[in-house]
file upload.pdb (PDB, C-alpha atoms, pLDDT in the B column)
ATOM      1  CA  MET A   1      -4.493  13.251  11.026  1.00 44.00           C
ATOM      2  CA  PRO A   2      -7.906  11.595  10.691  1.00 45.00           C
ATOM      3  CA  ASP A   3      -7.926   8.005   9.543  1.00 54.00           C
ATOM      4  CA  ALA A   4      -8.933   7.393   5.932  1.00 57.00           C
ATOM      5  CA  ARG A   5     -11.086   4.564   7.225  1.00 58.00           C
ATOM      6  CA  PRO A   6     -14.758   5.477   7.462  1.00 57.00           C
ATOM      7  CA  ASP A   7     -16.894   3.771  10.107  1.00 65.00           C
ATOM      8  CA  LEU A   8     -17.523   0.551   8.210  1.00 78.00           C
ATOM      9  CA  ALA A   9     -18.124  -3.070   9.059  1.00 89.00           C
ATOM     10  CA  ASP A  10     -15.159  -5.206   8.056  1.00 95.00           C
ATOM     11  CA  PRO A  11     -16.299  -8.824   7.504  1.00 96.00           C
ATOM     12  CA  LEU A  12     -12.766 -10.058   8.216  1.00 97.00           C
ATOM     13  CA  ALA A  13     -12.121  -8.071  11.391  1.00 96.00           C
ATOM     14  CA  ALA A  14     -13.025 -10.979  13.657  1.00 96.00           C
ATOM     15  CA  LEU A  15     -10.249 -13.081  12.122  1.00 97.00           C
ATOM     16  CA  ALA A  16      -7.796 -10.219  11.629  1.00 97.00           C
ATOM     17  CA  PRO A  17      -8.374  -7.165  13.845  1.00 96.00           C
ATOM     18  CA  PRO A  18      -7.049  -3.779  12.676  1.00 96.00           C
ATOM     19  CA  GLY A  19      -3.777  -4.275  14.558  1.00 97.00           C
ATOM     20  CA  VAL A  20      -3.111  -7.563  12.771  1.00 98.00           C
ATOM     21  CA  GLN A  21      -3.980  -5.981   9.434  1.00 98.00           C
ATOM     22  CA  ALA A  22      -1.473  -3.198  10.119  1.00 97.00           C
ATOM     23  CA  GLU A  23       1.161  -5.821  10.974  1.00 98.00           C
ATOM     24  CA  ALA A  24       0.450  -7.603   7.680  1.00 98.00           C
ATOM     25  CA  ALA A  25       0.976  -4.401   5.704  1.00 98.00           C
ATOM     26  CA  ASP A  26       4.213  -3.637   7.555  1.00 98.00           C
ATOM     27  CA  LEU A  27       5.573  -7.167   7.120  1.00 98.00           C
ATOM     28  CA  ALA A  28       4.771  -7.145   3.396  1.00 98.00           C
ATOM     29  CA  ARG A  29       6.531  -3.789   3.040  1.00 98.00           C
ATOM     30  CA  ASP A  30       9.615  -4.889   4.945  1.00 97.00           C
ATOM     31  CA  ALA A  31       9.898  -8.228   3.131  1.00 97.00           C
ATOM     32  CA  PHE A  32       9.460  -6.587  -0.265  1.00 97.00           C
ATOM     33  CA  THR A  33      12.016  -3.906   0.557  1.00 95.00           C
ATOM     34  CA  ARG A  34      14.623  -6.532   1.397  1.00 93.00           C
ATOM     35  CA  ALA A  35      13.848  -8.500  -1.764  1.00 94.00           C
ATOM     36  CA  PHE A  36      13.875  -5.420  -4.002  1.00 93.00           C
ATOM     37  CA  ARG A  37      17.101  -4.024  -2.598  1.00 91.00           C
ATOM     38  CA  HIS A  38      18.760  -7.393  -2.968  1.00 91.00           C
ATOM     39  CA  ALA A  39      17.633  -7.657  -6.575  1.00 89.00           C
ATOM     40  CA  ALA A  40      18.920  -4.148  -7.295  1.00 83.00           C
ATOM     41  CA  ALA A  41      22.300  -4.203  -5.634  1.00 80.00           C
ATOM     42  CA  GLU A  42      23.176  -7.116  -3.382  1.00 67.00           C
ATOM     43  CA  SER A  43      25.766  -9.646  -4.515  1.00 67.00           C
ATOM     44  CA  SER A  44      25.538 -11.959  -1.498  1.00 75.00           C
ATOM     45  CA  PRO A  45      22.979 -14.800  -1.465  1.00 84.00           C
ATOM     46  CA  PHE A  46      19.419 -13.731  -0.742  1.00 88.00           C
ATOM     47  CA  PRO A  47      18.429 -14.832   2.809  1.00 92.00           C
ATOM     48  CA  LEU A  48      15.324 -16.655   1.567  1.00 94.00           C
ATOM     49  CA  ASP A  49      15.096 -19.182   4.381  1.00 95.00           C
ATOM     50  CA  ALA A  50      15.424 -16.574   7.124  1.00 95.00           C
ATOM     51  CA  LEU A  51      12.838 -14.278   5.537  1.00 96.00           C
ATOM     52  CA  ARG A  52      10.458 -17.180   4.908  1.00 96.00           C
ATOM     53  CA  THR A  53      10.790 -18.254   8.542  1.00 96.00           C
ATOM     54  CA  GLN A  54      10.083 -14.715   9.726  1.00 97.00           C
ATOM     55  CA  CYS A  55       6.926 -14.581   7.624  1.00 97.00           C
ATOM     56  CA  LEU A  56       5.758 -18.032   8.705  1.00 97.00           C
ATOM     57  CA  ASP A  57       6.336 -17.252  12.372  1.00 97.00           C
ATOM     58  CA  TRP A  58       3.989 -14.295  12.038  1.00 98.00           C
ATOM     59  CA  VAL A  59       1.382 -16.293  10.095  1.00 97.00           C
ATOM     60  CA  ARG A  60       1.447 -19.144  12.619  1.00 96.00           C
ATOM     61  CA  ALA A  61       1.239 -16.877  15.647  1.00 97.00           C
ATOM     62  CA  ASP A  62      -2.558 -17.223  15.585  1.00 95.00           C
ATOM     63  CA  PRO A  63      -3.879 -20.595  16.811  1.00 94.00           C
ATOM     64  CA  GLY A  64      -6.909 -20.569  14.501  1.00 96.00           C
ATOM     65  CA  ALA A  65      -6.641 -22.225  11.082  1.00 96.00           C
ATOM     66  CA  GLU A  66      -8.910 -19.669   9.382  1.00 97.00           C
ATOM     67  CA  ALA A  67      -7.044 -16.767  10.932  1.00 97.00           C
ATOM     68  CA  ARG A  68      -3.719 -18.223   9.807  1.00 97.00           C
ATOM     69  CA  ALA A  69      -5.083 -18.632   6.281  1.00 98.00           C
ATOM     70  CA  LEU A  70      -6.196 -15.004   6.283  1.00 98.00           C
ATOM     71  CA  ARG A  71      -2.804 -13.846   7.552  1.00 98.00           C
ATOM     72  CA  MET A  72      -1.161 -15.713   4.676  1.00 98.00           C
ATOM     73  CA  ALA A  73      -3.651 -14.211   2.201  1.00 98.00           C
ATOM     74  CA  LEU A  74      -2.938 -10.696   3.461  1.00 98.00           C
ATOM     75  CA  LEU A  75       0.813 -11.192   3.341  1.00 98.00           C
ATOM     76  CA  LEU A  76       0.887 -12.685  -0.149  1.00 98.00           C
ATOM     77  CA  ALA A  77      -1.576 -10.102  -1.480  1.00 98.00           C
ATOM     78  CA  GLY A  78       0.652  -7.374  -0.095  1.00 98.00           C
ATOM     79  CA  LEU A  79       3.836  -8.820  -1.584  1.00 98.00           C
ATOM     80  CA  ASP A  80       2.147  -9.253  -4.935  1.00 97.00           C
ATOM     81  CA  GLN A  81       0.884  -5.664  -5.004  1.00 97.00           C
ATOM     82  CA  TRP A  82       4.278  -4.276  -4.036  1.00 97.00           C
ATOM     83  CA  GLY A  83       5.904  -6.287  -6.807  1.00 96.00           C
ATOM     84  CA  LEU A  84       3.370  -5.223  -9.411  1.00 96.00           C
ATOM     85  CA  ALA A  85       3.614  -1.539  -8.481  1.00 96.00           C
ATOM     86  CA  PHE A  86       7.414  -1.378  -8.636  1.00 95.00           C
ATOM     87  CA  SER A  87       7.612  -3.516 -11.763  1.00 95.00           C
ATOM     88  CA  GLN A  88       5.308  -1.065 -13.529  1.00 92.00           C
ATOM     89  CA  ALA A  89       7.084   2.001 -12.192  1.00 92.00           C
ATOM     90  CA  PHE A  90      10.611   0.886 -13.091  1.00 91.00           C
ATOM     91  CA  GLY A  91       9.937  -1.275 -16.140  1.00 89.00           C
ATOM     92  CA  ILE A  92      11.115  -4.454 -14.441  1.00 89.00           C
ATOM     93  CA  GLN A  93      10.080  -7.803 -15.874  1.00 87.00           C
ATOM     94  CA  ALA A  94      10.720  -9.743 -12.684  1.00 88.00           C
ATOM     95  CA  ILE A  95      12.103  -9.417  -9.148  1.00 93.00           C
ATOM     96  CA  PRO A  96      13.661 -12.869  -8.605  1.00 93.00           C
ATOM     97  CA  PRO A  97      14.065 -12.699  -4.790  1.00 95.00           C
ATOM     98  CA  LEU A  98      10.422 -11.657  -4.413  1.00 96.00           C
ATOM     99  CA  THR A  99       9.266 -14.427  -6.750  1.00 96.00           C
ATOM    100  CA  ALA A 100      11.291 -16.927  -4.732  1.00 96.00           C
ATOM    101  CA  LEU A 101       9.803 -15.742  -1.429  1.00 97.00           C
ATOM    102  CA  ILE A 102       6.210 -15.860  -2.670  1.00 97.00           C
ATOM    103  CA  GLY A 103       6.815 -19.301  -4.134  1.00 96.00           C
ATOM    104  CA  ALA A 104       8.377 -20.599  -0.924  1.00 96.00           C
ATOM    105  CA  LEU A 105       5.458 -19.379   1.165  1.00 97.00           C
ATOM    106  CA  ARG A 106       2.810 -20.672  -1.203  1.00 94.00           C
ATOM    107  CA  THR A 107       4.296 -24.090  -1.900  1.00 93.00           C
ATOM    108  CA  GLY A 108       4.752 -24.682   1.817  1.00 91.00           C
ATOM    109  CA  LEU A 109       0.992 -24.992   2.298  1.00 94.00           C
ATOM    110  CA  ASP A 110      -0.498 -28.455   2.567  1.00 94.00           C
ATOM    111  CA  PRO A 111      -3.703 -29.202   0.552  1.00 95.00           C
ATOM    112  CA  GLU A 112      -6.060 -28.238   3.361  1.00 95.00           C
ATOM    113  CA  GLU A 113      -4.149 -25.058   4.140  1.00 95.00           C
ATOM    114  CA  ASP A 114      -4.155 -24.163   0.451  1.00 96.00           C
ATOM    115  CA  VAL A 115      -7.946 -24.498   0.241  1.00 97.00           C
ATOM    116  CA  GLN A 116      -8.365 -22.259   3.302  1.00 97.00           C
ATOM    117  CA  PHE A 117      -5.860 -19.778   1.888  1.00 97.00           C
ATOM    118  CA  GLN A 118      -7.731 -19.600  -1.440  1.00 97.00           C
ATOM    119  CA  ARG A 119     -11.002 -19.002   0.378  1.00 97.00           C
ATOM    120  CA  GLN A 120      -9.605 -16.139   2.428  1.00 97.00           C
ATOM    121  CA  PHE A 121      -7.776 -14.672  -0.563  1.00 97.00           C
ATOM    122  CA  GLU A 122     -11.049 -14.547  -2.496  1.00 97.00           C
ATOM    123  CA  ARG A 123     -12.777 -12.861   0.438  1.00 96.00           C
ATOM    124  CA  LEU A 124     -10.335  -9.952   0.220  1.00 96.00           C
ATOM    125  CA  ASP A 125     -11.782  -8.944  -3.145  1.00 92.00           C
ATOM    126  CA  ALA A 126     -15.362  -9.969  -2.444  1.00 93.00           C
ATOM    127  CA  THR A 127     -16.211  -6.687  -0.714  1.00 94.00           C
ATOM    128  CA  GLU A 128     -14.409  -3.354  -0.526  1.00 95.00           C
ATOM    129  CA  THR A 129     -14.593  -3.262   3.264  1.00 95.00           C
ATOM    130  CA  ALA A 130     -12.889  -6.654   3.660  1.00 97.00           C
ATOM    131  CA  ALA A 131      -9.608  -6.018   5.522  1.00 97.00           C
ATOM    132  CA  ILE A 132     -10.073  -2.294   4.890  1.00 96.00           C
ATOM    133  CA  ASP A 133      -7.389  -1.285   7.399  1.00 96.00           C
ATOM    134  CA  PHE A 134      -4.891  -3.493   5.577  1.00 97.00           C
ATOM    135  CA  LYS A 135      -5.891  -2.037   2.214  1.00 96.00           C
ATOM    136  CA  ILE A 136      -5.507   1.529   3.445  1.00 95.00           C
ATOM    137  CA  ALA A 137      -2.111   0.911   5.039  1.00 96.00           C
ATOM    138  CA  LEU A 138      -0.792  -1.115   2.104  1.00 97.00           C
ATOM    139  CA  ARG A 139      -1.741   1.353  -0.595  1.00 96.00           C
ATOM    140  CA  ARG A 140      -0.513   4.305   1.448  1.00 95.00           C
ATOM    141  CA  GLN A 141       2.871   2.641   1.924  1.00 97.00           C
ATOM    142  CA  ILE A 142       3.227   1.660  -1.732  1.00 97.00           C
ATOM    143  CA  HIS A 143       2.187   5.051  -3.048  1.00 97.00           C
ATOM    144  CA  LEU A 144       4.438   6.974  -0.669  1.00 96.00           C
ATOM    145  CA  ALA A 145       7.374   4.695  -1.496  1.00 96.00           C
ATOM    146  CA  LEU A 146       6.913   5.511  -5.176  1.00 95.00           C
ATOM    147  CA  TRP A 147       6.571   9.193  -4.364  1.00 94.00           C
ATOM    148  CA  HIS A 148       9.837   9.145  -2.419  1.00 92.00           C
ATOM    149  CA  ALA A 149      11.504   7.309  -5.311  1.00 91.00           C
ATOM    150  CA  MET A 150      10.256  10.043  -7.619  1.00 90.00           C
ATOM    151  CA  GLY A 151      11.692  12.744  -5.383  1.00 87.00           C
ATOM    152  CA  ALA A 152      15.073  11.002  -5.285  1.00 86.00           C
ATOM    153  CA  GLY A 153      15.433  10.939  -9.072  1.00 83.00           C
ATOM    154  CA  GLU A 154      17.960  12.879 -11.105  1.00 84.00           C
ATOM    155  CA  SER A 155      15.515  14.891 -13.208  1.00 88.00           C
ATOM    156  CA  LEU A 156      11.825  15.253 -13.930  1.00 89.00           C
ATOM    157  CA  GLU A 157      12.272  13.486 -17.249  1.00 90.00           C
ATOM    158  CA  ALA A 158      14.034  10.560 -15.576  1.00 88.00           C
ATOM    159  CA  VAL A 159      11.225  10.002 -13.073  1.00 90.00           C
ATOM    160  CA  GLU A 160       8.365  10.527 -15.506  1.00 92.00           C
ATOM    161  CA  PRO A 161       7.672   6.748 -15.683  1.00 92.00           C
ATOM    162  CA  VAL A 162       7.354   6.676 -11.879  1.00 93.00           C
ATOM    163  CA  ILE A 163       4.957   9.630 -11.916  1.00 94.00           C
ATOM    164  CA  GLN A 164       2.881   7.968 -14.616  1.00 95.00           C
ATOM    165  CA  ALA A 165       2.838   4.649 -12.755  1.00 95.00           C
ATOM    166  CA  LEU A 166       1.789   6.299  -9.499  1.00 96.00           C
ATOM    167  CA  GLY A 167      -0.957   8.242 -11.250  1.00 96.00           C
ATOM    168  CA  SER A 168      -2.176   5.098 -13.001  1.00 96.00           C
ATOM    169  CA  GLN A 169      -2.282   3.193  -9.725  1.00 96.00           C
ATOM    170  CA  LEU A 170      -4.294   5.929  -8.022  1.00 97.00           C
ATOM    171  CA  LEU A 171      -6.767   5.986 -10.907  1.00 97.00           C
ATOM    172  CA  ALA A 172      -7.010   2.187 -10.894  1.00 96.00           C
ATOM    173  CA  LEU A 173      -7.600   2.164  -7.134  1.00 96.00           C
ATOM    174  CA  ASP A 174     -10.367   4.731  -7.506  1.00 97.00           C
ATOM    175  CA  ALA A 175     -12.001   2.748 -10.316  1.00 96.00           C
ATOM    176  CA  GLY A 176     -11.514  -0.670  -8.705  1.00 95.00           C
ATOM    177  CA  MET A 177     -13.175   0.350  -5.435  1.00 95.00           C
ATOM    178  CA  PRO A 178     -16.192   2.407  -6.538  1.00 94.00           C
ATOM    179  CA  GLU A 179     -17.376   3.145  -2.992  1.00 93.00           C
ATOM    180  CA  LEU A 180     -14.159   3.587  -1.016  1.00 94.00           C
ATOM    181  CA  GLY A 181     -11.361   3.954  -3.547  1.00 95.00           C
ATOM    182  CA  TRP A 182     -11.600   7.727  -3.657  1.00 96.00           C
ATOM    183  CA  ARG A 183     -11.025   7.856   0.101  1.00 94.00           C
ATOM    184  CA  LEU A 184      -7.856   5.785  -0.220  1.00 95.00           C
ATOM    185  CA  VAL A 185      -6.657   8.043  -3.028  1.00 97.00           C
ATOM    186  CA  ALA A 186      -7.391  11.129  -0.936  1.00 96.00           C
ATOM    187  CA  ASP A 187      -5.446   9.562   1.924  1.00 95.00           C
ATOM    188  CA  THR A 188      -2.388   9.167  -0.316  1.00 95.00           C
ATOM    189  CA  LEU A 189      -2.661  12.703  -1.653  1.00 96.00           C
ATOM    190  CA  ALA A 190      -2.986  14.077   1.871  1.00 96.00           C
ATOM    191  CA  HIS A 191       0.099  12.194   3.034  1.00 95.00           C
ATOM    192  CA  ILE A 192       2.075  13.441   0.036  1.00 94.00           C
ATOM    193  CA  GLN A 193       1.175  17.027   0.921  1.00 93.00           C
ATOM    194  CA  ILE A 194       2.078  16.407   4.551  1.00 93.00           C
ATOM    195  CA  ARG A 195       5.467  15.018   3.525  1.00 91.00           C
ATOM    196  CA  LEU A 196       6.121  18.181   1.523  1.00 90.00           C
ATOM    197  CA  LEU A 197       5.202  20.311   4.530  1.00 89.00           C
ATOM    198  CA  GLU A 198       7.375  18.220   6.845  1.00 87.00           C
ATOM    199  CA  GLU A 199      10.309  18.248   4.442  1.00 77.00           C
ATOM    200  CA  SER A 200      10.158  21.896   3.464  1.00 65.00           C
ATOM    201  CA  GLY A 201      13.776  21.743   2.346  1.00 53.00           C
ATOM    202  CA  ALA A 202      12.974  18.859  -0.046  1.00 53.00           C
ATOM    203  CA  ALA A 203      11.384  21.090  -2.725  1.00 55.00           C
ATOM    204  CA  GLY A 204      12.877  20.727  -6.172  1.00 76.00           C
ATOM    205  CA  LEU A 205      11.990  17.471  -7.851  1.00 84.00           C
ATOM    206  CA  ALA A 206       9.559  16.425  -5.136  1.00 88.00           C
ATOM    207  CA  GLN A 207       7.591  19.631  -5.655  1.00 89.00           C
ATOM    208  CA  SER A 208       7.613  19.571  -9.441  1.00 91.00           C
ATOM    209  CA  GLY A 209       6.871  15.850  -9.615  1.00 92.00           C
ATOM    210  CA  THR A 210       3.944  16.270  -7.235  1.00 93.00           C
ATOM    211  CA  GLN A 211       2.592  19.113  -9.349  1.00 93.00           C
ATOM    212  CA  CYS A 212       2.738  16.874 -12.426  1.00 94.00           C
ATOM    213  CA  LEU A 213       0.977  14.067 -10.548  1.00 95.00           C
ATOM    214  CA  PHE A 214      -1.799  16.312  -9.296  1.00 96.00           C
ATOM    215  CA  ALA A 215      -2.237  17.871 -12.743  1.00 96.00           C
ATOM    216  CA  SER A 216      -2.592  14.441 -14.378  1.00 96.00           C
ATOM    217  CA  LEU A 217      -5.275  13.443 -11.872  1.00 97.00           C
ATOM    218  CA  ARG A 218      -7.135  16.697 -12.461  1.00 97.00           C
ATOM    219  CA  GLN A 219      -7.192  16.000 -16.190  1.00 96.00           C
ATOM    220  CA  ALA A 220      -8.245  12.367 -15.768  1.00 97.00           C
ATOM    221  CA  TRP A 221     -11.209  12.903 -13.435  1.00 97.00           C
ATOM    222  CA  PRO A 222     -14.481  14.739 -13.972  1.00 96.00           C
ATOM    223  CA  LYS A 223     -14.312  18.051 -12.114  1.00 97.00           C
ATOM    224  CA  GLU A 224     -16.891  17.082  -9.510  1.00 97.00           C
ATOM    225  CA  HIS A 225     -15.050  13.900  -8.601  1.00 97.00           C
ATOM    226  CA  HIS A 226     -11.662  15.627  -8.573  1.00 97.00           C
ATOM    227  CA  ASP A 227     -13.003  18.320  -6.257  1.00 97.00           C
ATOM    228  CA  ARG A 228     -14.439  15.674  -3.926  1.00 97.00           C
ATOM    229  CA  VAL A 229     -11.129  13.821  -3.633  1.00 97.00           C
ATOM    230  CA  MET A 230      -9.091  16.985  -3.144  1.00 97.00           C
ATOM    231  CA  ALA A 231     -11.526  18.351  -0.552  1.00 97.00           C
ATOM    232  CA  GLN A 232     -11.126  15.154   1.469  1.00 96.00           C
ATOM    233  CA  ALA A 233      -7.338  15.369   1.205  1.00 97.00           C
ATOM    234  CA  THR A 234      -7.343  19.045   2.174  1.00 96.00           C
ATOM    235  CA  GLN A 235      -9.471  18.350   5.258  1.00 96.00           C
ATOM    236  CA  ALA A 236      -6.952  15.728   6.378  1.00 95.00           C
ATOM    237  CA  VAL A 237      -4.005  18.072   5.872  1.00 95.00           C
ATOM    238  CA  LEU A 238      -5.749  20.857   7.802  1.00 95.00           C
ATOM    239  CA  ALA A 239      -6.551  18.441  10.642  1.00 94.00           C
ATOM    240  CA  TRP A 240      -2.877  17.430  10.733  1.00 93.00           C
ATOM    241  CA  GLN A 241      -1.824  21.081  10.909  1.00 92.00           C
ATOM    242  CA  ARG A 242      -4.298  21.811  13.718  1.00 92.00           C
ATOM    243  CA  ALA A 243      -3.038  18.817  15.684  1.00 90.00           C
ATOM    244  CA  ARG A 244       0.521  20.150  15.498  1.00 85.00           C
ATOM    245  CA  ARG A 245      -0.317  23.567  16.911  1.00 82.00           C
ATOM    246  CA  PRO A 246       0.373  24.118  20.613  1.00 71.00           C
ATOM    247  CA  SER A 247      -2.856  24.063  22.576  1.00 55.00           C
ATOM    248  CA  ALA A 248      -4.037  27.453  23.772  1.00 44.00           C
ATOM    249  CA  GLY A 249      -3.127  28.246  27.342  1.00 41.00           C
TER     250      GLY A 249
END
call {"tool": "encode", "arguments": {"input": "upload.pdb", "output": "structure tokens"}}
result
Amino acid sequence: MPDARPDLADPLAALAPPGVQAEAADLARDAFTRAFRHAAAESSPFPLDALRTQCLDWVRADPGAEARALRMALLLAGLDQWGLAFSQAFGIQAIPPLTALIGALRTGLDPEEDVQFQRQFERLDATETAAIDFKIALRRQIHLALWHAMGAGESLEAVEPVIQALGSQLLALDAGMPELGWRLVADTLAHIQIRLLEESGAAGLAQSGTQCLFASLRQAWPKEHHDRVMAQATQAVLAWQRARRPSAG
């Protein structure tokens, strides 16, 4: 399917090309998943040192100090957003393993590294296009993870907080990025529809929960804006369907 990323200039691309940004999103997802699962069910000690080393090895893989600072900023921003999203969705006050990992990574910086980290972290929010590939991948992963959690629930009533949290995050993303947020929201909505088409046997709660989510967005947005977002999502789904068809001849 077409990328949600429009042809934009990313001021951080020289330090973190799109491939590195994708790696940052994946590493944040994987590290959060391990921390969250451990907090939810594991009884053995959390492998903090091993996970910290894995993260630091990736951060330090670039020889440039600024690039390393940006890698750390991307990773910590991703972990923080994962933690916030799941805390809101499941009413969790804290995720101790995640807090420990973020603390271990942050406190390991020396004064000069910390200054460089702060500078790069601030640059992420300075412009919407800063690390745009990372932002697209991160939000897509978080939103789809919540959607899958919704579909795995026991009843529509039981997953209502997850639906509300996902809807709130999509609305906040749209409002927080006035120029590009709607594209990121459309990307999520397109991927949700694609998942339903791919998992045609999943129906049930996934279908009804998605209907509730889409209905809440329709009520929250002005009609013109809602139609714009949904048109973008529909175009992406249609492009995905065309790409799957056998070529003629």
call {"tool": "axis_aligned_box", "arguments": {"input": "upload.pdb", "around": "segment 154-173 of chain A", "padding_each_side": "4 Å", "output": "lines of an AutoDock Vina configuration file"}}
result
center_x = 5.2
center_y = 8.7
center_z = -12.2
size_x = 33.6
size_y = 21.1
size_z = 18.1
call {"tool": "closest_residue", "arguments": {"input": "upload.pdb", "among": "A:Gln81, A:Thr99, A:Thr33, A:Thr210", "to": "Val159 of chain A", "atoms": "only C-alpha atoms"}}
result
A:Thr210
call {"tool": "resolve_selection", "arguments": {"input": "upload.pdb", "expression": "the PyMOL selection byres ((chain A and resi 18) around 12)", "output": "list of chain:residue names"}}
result
A:Arg5, A:Ala9, A:Asp10, A:Pro11, A:Leu12, A:Ala13, A:Ala14, A:Leu15, A:Ala16, A:Pro17, A:Gly19, A:Val20, A:Gln21, A:Ala22, A:Glu23, A:Ala24, A:Ala25, A:Ala130, A:Ala131, A:Ile132, A:Asp133, A:Phe134, A:Lys135, A:Ile136, A:Ala137
call {"tool": "resolve_selection", "arguments": {"input": "upload.pdb", "expression": "the PyMOL selection byres ((chain A and resi 221) around 12)", "output": "PyMOL selection string"}}
result
chain A and resi 167-168+170-172+174-175+182+214-220+222-230
call {"tool": "resolve_selection", "arguments": {"input": "upload.pdb", "expression": "the PyMOL selection byres ((chain A and resi 188) around 10)", "output": "ChimeraX atom specification"}}
result
/A:4,136-137,139-144,147,170,182-187,189-194,233
call {"tool": "closest_residue", "arguments": {"input": "upload.pdb", "among": "A:Leu180, A:Ala158, A:Leu75, A:Ala69", "to": "Gln120 of chain A", "atoms": "all atoms listed in the file"}}
result
A:Ala69
call {"tool": "closest_residue", "arguments": {"input": "upload.pdb", "among": "A:Gln118, A:Glu179, A:Val237, A:Glu157", "to": "Glu66 of chain A", "atoms": "all atoms listed in the file"}}
result
A:Gln118
call {"tool": "closest_residue", "arguments": {"input": "upload.pdb", "among": "A:Ala94, A:Cys212, A:Ala239, A:Leu146", "to": "Asp80 of chain A", "atoms": "all atoms listed in the file"}}
result
A:Ala94
